[in-house]
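Student: Just work28.cif, nothing more (mmCIF, C-alpha atoms and all ligand atoms):
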data_model
#
loop_
_atom_site.label_atom_id
_atom_site.label_comp_id
_atom_site.auth_asym_id
_atom_site.auth_seq_id
_atom_site.Cartn_x
_atom_site.Cartn_y
_atom_site.Cartn_z
CA MET C 439 -6.73 -68.03 50.43
CA SER C 440 -5.34 -64.51 50.85
CA GLU C 441 -5.95 -62.57 54.05
CA LYS C 442 -8.01 -59.83 52.45
CA GLN C 443 -10.30 -61.43 49.96
CA VAL C 444 -12.75 -59.13 48.20
CA VAL C 445 -15.53 -60.27 45.94
CA PRO C 446 -17.65 -58.48 43.32
CA GLN C 447 -20.35 -56.29 44.80
CA GLU C 448 -24.06 -56.91 44.74
CA SER C 449 -26.62 -54.13 45.01
CA LEU C 450 -28.51 -55.35 48.11
CA GLY C 451 -26.83 -55.24 51.48
CA ILE C 452 -25.66 -53.28 54.41
CA ILE C 453 -22.69 -51.43 53.09
CA GLY C 454 -23.92 -51.21 49.53
CA ASP C 455 -21.48 -49.36 47.39
CA LYS C 456 -18.05 -50.65 48.19
CA ALA C 457 -16.52 -54.11 48.04
CA LEU C 458 -16.35 -55.57 51.53
CA GLU C 459 -13.33 -56.96 53.24
CA MET C 460 -14.11 -60.59 54.00
CA PRO C 461 -13.80 -61.83 57.60
CA LYS C 462 -10.74 -63.92 58.32
CA SER C 463 -10.77 -67.46 59.55
CA LEU C 464 -9.95 -68.03 63.19
CA GLU C 465 -6.25 -68.89 62.88
CA GLN C 466 -5.58 -65.66 60.95
CA LEU C 467 -6.87 -63.37 63.72
CA SER C 468 -4.63 -61.16 65.88
CA GLU C 469 -4.98 -61.17 69.70
CA SER C 470 -7.21 -58.09 69.63
CA GLU C 471 -9.34 -59.56 66.87
CA ILE C 472 -9.76 -62.74 68.93
CA GLU C 473 -10.78 -60.62 71.89
CA ARG C 474 -13.44 -58.96 69.73
CA LYS C 475 -14.64 -62.38 68.54
CA ARG C 476 -14.82 -63.51 72.19
CA CYS C 477 -16.97 -60.50 73.12
CA ILE C 478 -19.30 -61.13 70.17
CA SER C 479 -19.72 -64.78 71.22
CA ARG C 480 -20.52 -63.66 74.76
CA VAL C 481 -23.15 -61.23 73.44
CA MET C 482 -24.62 -64.05 71.34
CA THR C 483 -24.68 -66.38 74.34
CA HIS C 484 -26.53 -63.78 76.39
CA MET C 485 -29.01 -63.12 73.57
CA LEU C 486 -29.76 -66.83 73.18
CA LYS C 487 -30.12 -67.27 76.94
CA TYR C 488 -32.51 -64.34 77.13
CA LEU C 489 -34.58 -65.27 74.07
CA THR C 490 -34.89 -69.01 74.80
CA GLY C 491 -35.71 -68.11 78.42
CA GLU C 492 -38.51 -65.80 77.29
CA PHE C 493 -39.97 -68.49 75.04
CA MET C 494 -39.92 -71.01 77.88
CA ASN C 495 -41.43 -68.48 80.33
CA LYS C 496 -44.30 -68.04 77.89
CA GLY C 497 -45.00 -71.79 77.74
CA PHE C 498 -43.24 -72.71 74.47
CA GLU C 499 -41.71 -76.18 74.02
CA TRP C 500 -38.10 -76.27 72.77
CA LEU C 501 -37.75 -78.75 69.91
CA LEU C 502 -34.51 -79.95 68.36
CA PRO C 503 -33.96 -79.44 64.62
CA ALA C 504 -33.93 -81.95 61.76
CA ILE C 505 -31.14 -81.82 59.17
CA PHE C 506 -32.24 -84.12 56.31
CA SER C 507 -35.89 -84.41 55.23
CA LYS C 508 -37.95 -85.16 52.18
CA SER C 509 -39.85 -81.90 52.72
CA THR C 510 -38.23 -78.57 53.37
CA ASP C 511 -38.91 -74.94 52.54
CA PRO C 512 -39.22 -74.45 48.74
CA LEU C 513 -37.79 -70.91 49.14
CA TRP C 514 -39.81 -70.16 46.09
CA PRO C 515 -41.27 -67.80 45.04
CA ASP C 516 -39.39 -65.49 47.41
CA PRO C 517 -38.04 -62.21 46.06
CA GLY C 518 -35.24 -62.36 48.65
CA ALA C 519 -34.00 -65.89 47.90
CA SER C 520 -31.02 -66.59 45.66
CA LEU C 521 -29.60 -70.09 45.74
CA GLU C 522 -26.62 -71.25 43.71
CA LYS C 523 -27.56 -74.88 44.27
CA ARG C 524 -29.94 -77.07 46.22
CA ILE C 525 -28.47 -79.97 48.16
CA GLU C 526 -30.21 -83.29 47.63
CA VAL C 527 -28.65 -86.55 48.76
CA GLU C 528 -29.74 -90.13 48.87
CA ILE C 529 -29.94 -91.97 52.18
CA TYR C 530 -31.35 -95.46 52.52
CA GLY C 531 -32.57 -95.27 48.95
CA GLU C 532 -34.59 -92.08 49.55
CA THR C 533 -33.87 -88.57 48.33
CA VAL C 534 -33.64 -85.99 51.12
CA ARG C 535 -32.76 -82.31 51.28
CA THR C 536 -30.80 -80.36 53.87
CA THR C 537 -32.98 -78.02 55.91
CA LEU C 538 -33.65 -74.75 54.14
CA SER C 539 -35.96 -73.85 57.01
CA MET C 540 -38.06 -75.77 59.52
CA ILE C 541 -41.35 -74.31 58.27
CA ILE C 542 -42.98 -77.63 57.25
CA HIS C 543 -41.86 -79.38 60.45
CA LYS C 544 -43.17 -76.42 62.48
CA MET C 545 -46.60 -76.49 60.84
CA VAL C 546 -46.95 -80.22 61.45
CA ALA C 547 -45.58 -80.15 65.01
CA CYS C 548 -47.72 -77.16 65.94
CA SER C 549 -50.84 -78.79 64.50
CA LEU C 550 -50.38 -82.28 65.94
CA VAL C 551 -48.39 -81.89 69.14
CA HIS C 552 -47.30 -78.55 70.57
CA PRO C 553 -49.51 -75.44 70.30
CA LYS C 554 -46.46 -73.28 71.12
CA LEU C 555 -43.01 -74.33 70.00
CA PHE C 556 -39.60 -73.02 69.08
CA ILE C 557 -36.54 -74.52 67.42
CA LEU C 558 -32.98 -73.22 67.12
CA SER C 559 -32.26 -74.67 63.74
CA PRO C 560 -29.34 -74.68 61.32
CA ASN C 561 -30.31 -73.71 57.76
CA VAL C 562 -28.07 -74.65 54.85
CA ARG C 563 -28.60 -72.34 51.89
CA ILE C 564 -25.92 -72.31 49.23
CA GLU C 565 -26.37 -68.63 48.44
CA LYS C 566 -25.01 -67.23 45.19
CA ARG C 567 -21.35 -66.31 45.72
CA GLU C 568 -21.94 -62.62 44.85
CA ARG C 569 -23.92 -62.46 48.07
CA ALA C 570 -20.70 -62.53 50.08
CA ASN C 571 -20.63 -58.83 49.44
CA THR C 572 -24.02 -58.01 50.91
CA GLY C 573 -22.44 -58.54 54.32
CA ILE C 574 -25.64 -60.16 55.62
CA ASN C 575 -25.72 -63.56 53.91
CA ALA C 576 -24.05 -66.73 55.07
CA TYR C 577 -24.40 -70.16 53.49
CA GLU C 578 -25.06 -71.72 56.90
CA PHE C 579 -26.89 -69.81 59.57
CA HIS C 580 -29.39 -70.37 62.36
CA GLN C 581 -32.99 -69.44 62.83
CA LEU C 582 -34.81 -69.04 66.09
CA ASP C 583 -37.97 -70.41 64.58
CA PHE C 584 -41.30 -70.46 66.40
CA GLU C 585 -44.96 -71.16 65.80
CA VAL C 586 -48.18 -70.62 67.80
CA ARG C 587 -51.47 -72.37 67.13
CA ASN C 588 -54.42 -70.01 66.52
CA ALA C 589 -52.27 -66.88 66.90
CA THR C 590 -52.80 -63.75 64.82
CA SER C 591 -50.03 -61.89 63.01
CA GLU C 592 -50.51 -59.05 65.44
CA ASP C 593 -49.91 -61.43 68.40
CA ILE C 594 -46.62 -62.52 66.85
CA ARG C 595 -45.46 -58.99 66.05
CA ARG C 596 -46.18 -57.74 69.58
CA PHE C 597 -44.34 -60.71 71.07
CA VAL C 598 -41.32 -60.02 68.86
CA ASP C 599 -41.37 -56.30 69.78
CA GLU C 600 -41.20 -57.39 73.43
CA ILE C 601 -38.38 -59.89 73.10
CA ILE C 602 -36.19 -57.72 70.86
CA CYS C 603 -36.47 -54.73 73.19
CA GLY C 604 -36.17 -56.98 76.25
CA SER C 605 -33.02 -58.63 74.95
CA ILE C 606 -31.32 -55.28 74.36
CA SER C 607 -32.27 -54.00 77.83
CA SER C 608 -30.91 -57.21 79.28
CA LEU C 609 -27.64 -56.88 77.35
CA LYS C 610 -27.21 -53.32 78.59
CA LYS C 611 -27.81 -54.49 82.14
CA HIS C 612 -25.61 -57.60 82.19
CA MET C 613 -23.02 -57.26 79.41
CA ASN C 614 -21.42 -53.84 80.05
CA ASP C 615 -17.85 -55.04 79.67
CA GLU C 616 -18.51 -56.77 76.37
CA LEU C 617 -20.52 -53.85 74.96
CA LEU C 618 -17.76 -51.44 75.99
CA CYS C 619 -15.10 -53.68 74.42
CA LEU C 620 -17.14 -53.70 71.19
CA GLU C 621 -17.54 -49.87 71.49
CA ILE C 622 -21.33 -50.08 71.26
CA TYR C 623 -22.42 -49.53 74.86
CA HIS C 624 -23.42 -45.90 74.30
CA SER C 625 -24.93 -46.25 70.83
CA LEU C 626 -27.00 -49.38 71.56
CA LYS C 627 -30.51 -48.22 72.37
CA VAL C 628 -33.80 -49.83 73.24
CA SER C 629 -36.33 -48.86 70.55
CA GLU C 630 -39.83 -47.70 71.33
CA LYS C 631 -42.60 -50.29 71.14
CA PRO C 632 -44.64 -51.16 69.18
CA PHE C 633 -42.41 -51.05 66.10
CA ARG C 634 -44.01 -49.23 63.17
CA VAL C 635 -45.83 -51.30 60.56
CA TYR C 636 -45.74 -50.53 56.82
CA ASP C 637 -47.64 -52.16 53.99
CA ARG C 638 -45.31 -53.33 51.20
CA GLU C 639 -47.67 -51.86 48.58
CA ASP C 640 -47.31 -48.38 50.10
CA LEU C 641 -43.53 -48.74 50.20
CA GLU C 642 -43.50 -49.91 46.60
CA SER C 643 -45.55 -46.87 45.52
CA LYS C 644 -43.12 -44.61 47.34
CA TYR C 645 -39.78 -46.25 46.52
CA GLY C 646 -40.47 -48.63 43.64
CA LYS C 647 -39.08 -52.16 43.41
CA ASP C 648 -36.06 -51.27 45.55
CA TRP C 649 -38.27 -50.57 48.59
CA GLU C 650 -36.48 -52.99 50.89
CA LYS C 651 -33.09 -51.39 50.50
CA GLN C 652 -34.55 -47.88 50.74
CA ILE C 653 -36.44 -48.55 53.97
CA THR C 654 -33.43 -50.37 55.42
CA PHE C 655 -31.29 -47.26 55.03
CA GLU C 656 -33.98 -44.77 55.99
CA VAL C 657 -35.10 -46.07 59.40
CA ASP C 658 -33.37 -45.71 62.77
CA ASP C 659 -35.43 -48.37 64.53
CA PRO C 660 -36.72 -51.80 63.52
CA VAL C 661 -39.89 -51.66 61.41
CA TRP C 662 -42.41 -54.21 60.20
CA VAL C 663 -43.38 -54.66 56.57
CA THR C 664 -46.54 -56.65 55.81
CA ASN C 665 -48.25 -58.05 52.73
CA ILE C 666 -45.32 -59.53 50.80
CA PRO C 667 -46.12 -62.06 48.03
CA ARG C 668 -44.03 -65.25 48.52
CA GLU C 669 -44.13 -68.98 49.43
CA PHE C 670 -47.35 -71.03 49.53
CA TYR C 671 -47.45 -71.46 53.30
CA ASP C 672 -47.95 -67.74 54.04
CA PHE C 673 -51.64 -66.82 54.25
CA GLU C 674 -53.05 -65.07 51.21
CA ASP C 675 -56.55 -63.66 50.96
CA PHE C 676 -57.50 -64.58 47.40
CA GLU C 677 -60.27 -61.94 47.30
CA SER C 678 -58.31 -58.91 48.41
CA GLY C 679 -54.98 -60.24 47.09
CA LYS C 680 -53.37 -59.29 50.45
CA TRP C 681 -50.87 -61.52 52.21
CA ASP C 682 -51.13 -61.79 56.00
CA ASN C 683 -47.39 -61.98 56.54
CA TYR C 684 -44.58 -59.79 57.79
CA ASP C 685 -40.85 -59.11 57.79
CA LEU C 686 -38.95 -57.25 60.48
CA ILE C 687 -36.40 -54.87 58.96
CA LEU C 688 -33.40 -53.67 60.95
CA PRO C 689 -31.73 -50.33 60.23
CA LYS C 690 -28.78 -50.85 57.83
CA TYR C 691 -28.93 -54.66 58.12
CA GLY C 692 -32.28 -55.36 56.45
CA GLU C 693 -34.59 -58.29 57.02
CA VAL C 694 -33.98 -60.17 60.26
CA LEU C 695 -37.27 -62.07 60.50
CA SER C 696 -39.93 -63.43 58.17
CA GLY C 697 -43.22 -64.81 59.36
CA SER C 698 -46.91 -65.10 58.70
CA ARG C 699 -50.25 -66.50 59.56
CA ARG C 700 -50.24 -69.84 57.76
CA GLU C 701 -52.34 -71.51 55.17
CA TRP C 702 -53.98 -74.64 56.57
CA GLU C 703 -56.73 -75.44 54.04
CA TYR C 704 -55.92 -78.24 51.64
CA SER C 705 -57.54 -76.64 48.59
CA LYS C 706 -55.64 -73.36 49.01
CA ILE C 707 -52.32 -75.10 49.57
CA VAL C 708 -52.79 -77.21 46.44
CA ARG C 709 -53.86 -74.23 44.38
CA LYS C 710 -50.80 -72.25 45.43
CA LEU C 711 -48.34 -75.11 44.88
CA GLU C 712 -49.72 -75.53 41.36
CA ARG C 713 -49.68 -71.81 40.68
CA ASP C 714 -46.04 -71.54 41.80
CA SER C 715 -44.95 -74.74 40.00
CA VAL C 716 -43.72 -76.22 43.27
CA LYS C 717 -43.57 -80.03 43.16
CA LYS C 718 -46.48 -81.48 45.15
CA GLU C 719 -44.62 -84.76 45.67
CA ASN C 720 -42.15 -82.91 47.92
CA TYR C 721 -45.01 -82.00 50.28
CA LYS C 722 -46.87 -85.33 50.44
CA LEU C 723 -47.25 -85.52 54.21
CA LEU C 724 -48.30 -81.90 54.62
CA LEU C 725 -50.90 -82.37 51.88
CA LYS C 726 -52.19 -85.61 53.41
CA LEU C 727 -52.60 -83.99 56.83
CA ALA C 728 -54.22 -80.88 55.34
CA LYS C 729 -56.65 -83.05 53.37
CA GLU C 730 -57.62 -84.83 56.60
CA GLY C 731 -58.21 -81.44 58.25
CA LYS C 732 -55.31 -82.00 60.66
CA ILE C 733 -53.29 -78.88 59.83
CA LYS C 734 -54.41 -76.17 62.26
CA PRO C 735 -54.36 -72.40 61.81
CA SER C 736 -51.19 -70.95 63.27
CA ALA C 737 -48.81 -68.04 62.97
CA GLY C 738 -45.12 -67.74 63.62
CA ALA C 739 -41.78 -66.50 62.41
CA GLY C 740 -38.09 -67.25 62.09
CA ILE C 741 -35.46 -64.88 63.44
CA GLY C 742 -32.02 -64.98 61.81
CA VAL C 743 -29.76 -65.33 64.85
CA GLU C 744 -26.51 -64.23 63.17
CA ARG C 745 -28.21 -61.28 61.49
CA LEU C 746 -29.74 -60.12 64.77
CA VAL C 747 -26.38 -60.30 66.51
CA SER C 748 -24.66 -58.56 63.55
CA TRP C 749 -27.00 -55.61 64.00
CA ILE C 750 -26.50 -55.48 67.76
CA VAL C 751 -22.70 -55.57 67.63
CA GLY C 752 -22.43 -53.45 64.47
CA ALA C 753 -20.64 -56.19 62.51
CA LYS C 754 -19.09 -55.20 59.19
CA HIS C 755 -19.89 -58.66 57.87
CA ILE C 756 -22.09 -61.49 59.16
CA GLY C 757 -19.04 -63.78 59.06
CA GLU C 758 -17.69 -61.72 61.97
CA VAL C 759 -20.34 -63.10 64.31
CA GLN C 760 -19.65 -66.69 63.24
CA LEU C 761 -16.69 -68.33 64.93
CA PHE C 762 -16.36 -70.45 61.77
CA PRO C 763 -17.50 -68.10 58.99
CA ARG C 764 -19.81 -69.45 56.29
CA ILE C 765 -19.37 -66.82 53.60
CA PRO C 766 -20.90 -67.50 50.17
CA GLY C 767 -18.16 -68.59 47.78
CA ILE C 768 -15.49 -69.01 50.47
CA VAL C 769 -14.96 -72.42 52.05
CA TYR C 770 -12.52 -72.41 54.98
CA ASP C 771 -11.03 -75.58 56.50
CA LEU C 772 -13.34 -75.30 59.54
P1 LIG I 801 -36.37 -66.66 55.37
O1 LIG I 801 -36.95 -68.00 55.65
O2 LIG I 801 -35.63 -66.60 54.08
O3 LIG I 801 -37.34 -65.54 55.50
O4 LIG I 801 -35.27 -66.45 56.48
C1 LIG I 801 -35.60 -66.14 57.82
C2 LIG I 801 -34.53 -65.29 58.40
O5 LIG I 801 -33.30 -66.00 58.37
C3 LIG I 801 -34.26 -64.02 57.64
O6 LIG I 801 -35.13 -63.01 58.00
C4 LIG I 801 -32.82 -63.73 58.01
O7 LIG I 801 -32.73 -63.13 59.27
C5 LIG I 801 -32.23 -65.10 58.14
N1 LIG I 801 -31.53 -65.47 56.89
C6 LIG I 801 -32.07 -65.86 55.71
N2 LIG I 801 -31.13 -66.14 54.80
C7 LIG I 801 -29.95 -65.91 55.42
C8 LIG I 801 -28.58 -66.04 55.03
N3 LIG I 801 -28.22 -66.46 53.83
N4 LIG I 801 -27.63 -65.72 55.93
C9 LIG I 801 -27.94 -65.32 57.17
N5 LIG I 801 -29.21 -65.18 57.61
C10 LIG I 801 -30.20 -65.48 56.76
MG MG I 802 -37.53 -63.80 54.44
#
Render the structure in this file as structure tokens.
Tutor:
Amino acid sequence: MSEKQVVPQESLGIIGDKALEMPKSLEQLSESEIERKRCISRVMTHMLKYLTGEFMNKGFEWLLPAIFSKSTDPLWPDPGASLEKRIEVEIYGETVRTTLSMIIHKMVACSLVHPKLFILSPNVRIEKRERANTGINAYEFHQLDFEVRNATSEDIRRFVDEIICGSISSLKKHMNDELLCLEIYHSLKVSEKPFRVYDREDLESKYGKDWEKQITFEVDDPVWVTNIPREFYDFEDFESGKWDNYDLILPKYGEVLSGSRREWEYSKIVRKLERDSVKKENYKLLLKLAKEGKIKPSAGAGIGVERLVSWIVGAKHIGEVQLFPRIPGIVYDL
């Protein structure tokens, strides 16, 4: 492929109006570009050390991810999702899917085994190729995914406020050289806590359907948006029609986290799967456990690791923070 590949633009995204220059693969980088890559990796290492350390200090268990499962996230209905294809393969005579997120595993593990858990998990989402130009979508990325039994949404949001601000303070304290090399030492600031919370309905009244992009470009600090209609596992109050869920939006980079209080009641889960035309046979175990009353109330979230680091280092494209870029539509050798 050519060194400067550009792809058609899509309306969502960080840069918005112009076609982005796509990140190069490793062997195409100059010495100074490799040095930048090295600094970004060191920032990511420090972030992961800080964040995983905070989870462990707070009594979370660290679980390892699964790659192939019969059940994974339906990613439907989700206004933000856009998949070009879903990967299903047969192993040992059974059809399995690559992990779209660890949500189902988290709900089961949190209910049956660990009341507080986190997983650093690879997600494979074959995003539509136009999404290369949003600058924030990769076709493989990682979530720092966590779940807490009996937690409220407010508990989760306050915890995330703490760890995001804490990680930036820690970077400023321990990673001066890298932040200076990336020319972000002076601009990187620790936001005030708690982050502001908006209701999606209010944003929609103010900005219309394009609320996410508008708020992304308007704010200078991370903000929460609650009450977003989407997948069955997020808690919905059928009477008020409100969803007890949340996204964290980063200035210019958009959504970095989605989470919610979860549905645990069998009858609600079934009703929502049917309403959304999501195949019940793909959620057999979850449904069995819910029917037996074994799924427990919980709340949690998944943080997009590469998106978080992109925001911190001011990346022009998410592929810049991946040593081996996974850009929609572009498949490098490594
Ligand atoms: P979701 O389950 O879609 O809400 O994803 C959880 C988080 O993962 C998002 O808030 C993003 O930070 C991150 N994420 C989702 N899709 C992508 C993608 N294609 N590329 C990079 N990060 C993503
Ligand atoms: Mg989301």
Student: Which residues sit within 7 Å of ligand LIG 801 (chain I), counting all atoms listed in the file, listed as a PyMOL selection string?
Tutor: chain C and resi 513+518-519+539+563+565+574-579+581+685+693-696+740-746
Student: Save out the residues we just selected, C-alpha atoms, as a compact mmCIF listing (two decimals), in the coordinates of the input.
Tutor:
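Ended up saving to again.txt:
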# COMPACT_ATOMS: atom_id res chain seq x y z
CA LEU C 513 -37.79 -70.91 49.14
CA GLY C 518 -35.24 -62.36 48.65
CA ALA C 519 -34.00 -65.89 47.90
CA SER C 539 -35.96 -73.85 57.01
CA ARG C 563 -28.60 -72.34 51.89
CA GLU C 565 -26.37 -68.63 48.44
CA ILE C 574 -25.64 -60.16 55.62
CA ASN C 575 -25.72 -63.56 53.91
CA ALA C 576 -24.05 -66.73 55.07
CA TYR C 577 -24.40 -70.16 53.49
CA GLU C 578 -25.06 -71.72 56.90
CA PHE C 579 -26.89 -69.81 59.57
CA GLN C 581 -32.99 -69.44 62.83
CA ASP C 685 -40.85 -59.11 57.79
CA GLU C 693 -34.59 -58.29 57.02
CA VAL C 694 -33.98 -60.17 60.26
CA LEU C 695 -37.27 -62.07 60.50
CA SER C 696 -39.93 -63.43 58.17
CA GLY C 740 -38.09 -67.25 62.09
CA ILE C 741 -35.46 -64.88 63.44
CA GLY C 742 -32.02 -64.98 61.81
CA VAL C 743 -29.76 -65.33 64.85
CA GLU C 744 -26.51 -64.23 63.17
CA ARG C 745 -28.21 -61.28 61.49
CA LEU C 746 -29.74 -60.12 64.77
Student: Skip segment 643-659 of chain C itself and residues of its chain fewer than 2 positions away, then list as a PyMOL selection string all residues within 6 Å of it, counting only C-alpha atoms.
Tutor: chain C and resi 640-641+689-690+692
Student: Env of Lys544 of chain C: 12 Å cut, atoms = only C-alpha atoms, seq-sep filter 3 positions within chain, self excluded. Answer as a PyMOL selection string.
Tutor: chain C and resi 499-504+509-511+539-541+547-559+582-587+671+700+724+733-740
Student: Which residues are near Pro517 of chain C? Cut-off 9 Å, only C-alpha atoms, ignore same chain within fewer than 3 positions. Put them as an mmCIF file with C-alpha atoms, keeping the file's coordinate frame.
Tutor:
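See around.cif below for the written result:
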data_model
loop_
_atom_site.group_PDB
_atom_site.id
_atom_site.type_symbol
_atom_site.label_atom_id
_atom_site.label_comp_id
_atom_site.auth_asym_id
_atom_site.auth_seq_id
_atom_site.Cartn_x
_atom_site.Cartn_y
_atom_site.Cartn_z
ATOM 1 C CA TRP C 514 -39.810 -70.160 46.090
ATOM 2 C CA SER C 520 -31.020 -66.590 45.660
ATOM 3 C CA PRO C 667 -46.120 -62.060 48.030
ATOM 4 C CA ARG C 668 -44.030 -65.250 48.520
#
Student: Hey, which of C:Leu617, C:Val481, C:Leu489, C:Ile505 ends up closest to Val534 of chain C? Count only C-alpha atoms.
Tutor: C:Ile505
Student: Find the distance between atom CA of Leu464 of chain C and atom CA of Tyr691 of chain C and write it in Å to one decimal.
Tutor: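 Interatomic distance, atom CA of Leu464 of chain C to atom CA of Tyr691 of chain C: 23.8 Å.
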Student: What does the distance between atom CA of Arg699 of chain C and atom CA of Glu592 of chain C come to in Å, to one decimal place?
Tutor: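 Distance between the two atoms: 9.5 Å.
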Student: Point out the residue among C:Asn720, C:Ser470, C:Ser629, C:Ser705 with the least atom-to-atom distance to Arg535 of chain C, counting only C-alpha atoms.
Tutor: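 Using only C-alpha atoms, Arg535 of chain C sits closest to C:Asn720.
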Student: In Å, how far is it from atom CA of Asn683 of chain C to atom CA of Leu723 of chain C?
Tutor: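 Taking atom CA of Asn683 of chain C as the start and atom CA of Leu723 of chain C as the end point, the length is 23.7 Å.
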Student: Counting only C-alpha atoms and all ligand atoms, which residue out of C:Leu727, C:Asp675, C:Ile666, C:Trp681 sits closest to ligand MG 802 (chain I)?
Tutor: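 For ligand MG 802 (chain I), the nearest of the given residues is C:Ile666.
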Student: Taking all atoms listed in the file into account, name the residue in C:Met485, C:Ile756, C:Arg713, C:Glu669 that is nearest to ligand MG 802 (chain I).
Tutor: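 Among C:Met485, C:Ile756, C:Arg713, C:Glu669, it is C:Glu669 that comes nearest to ligand MG 802 (chain I).
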Student: With all atoms listed in the file as the atoms that count, which of C:Phe762, C:Ile525, C:Pro515, C:Ser678 lies nearest to ligand MG 802 (chain I)?
Tutor: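 So, comparing all the options, the nearest one is C:Pro515.
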Student: Check the smallest atom-to-atom distance from each of C:Glu719, C:Asp615, C:Glu459, C:Asp672 to ligand MG 802 (chain I) using all atoms listed in the file, then report the winner.
Tutor: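 Selected residue with least distance to ligand MG 802 (chain I): C:Asp672.
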Student: Hey, what's within 12 Å of Leu761 of chain C if we count only C-alpha atoms and toss same-chain stuff fewer than 5 positions away? As a list in words, please?
Tutor: Pro461, Lys462, Ser463, Leu464, Glu465, Leu467, Glu471, Ile472, Glu473, Arg474, Lys475, Arg476, Cys477, Ile478, Ser479, Arg480, Met482, Phe579, Glu744, Ile756, Tyr770 and Leu772 of chain C
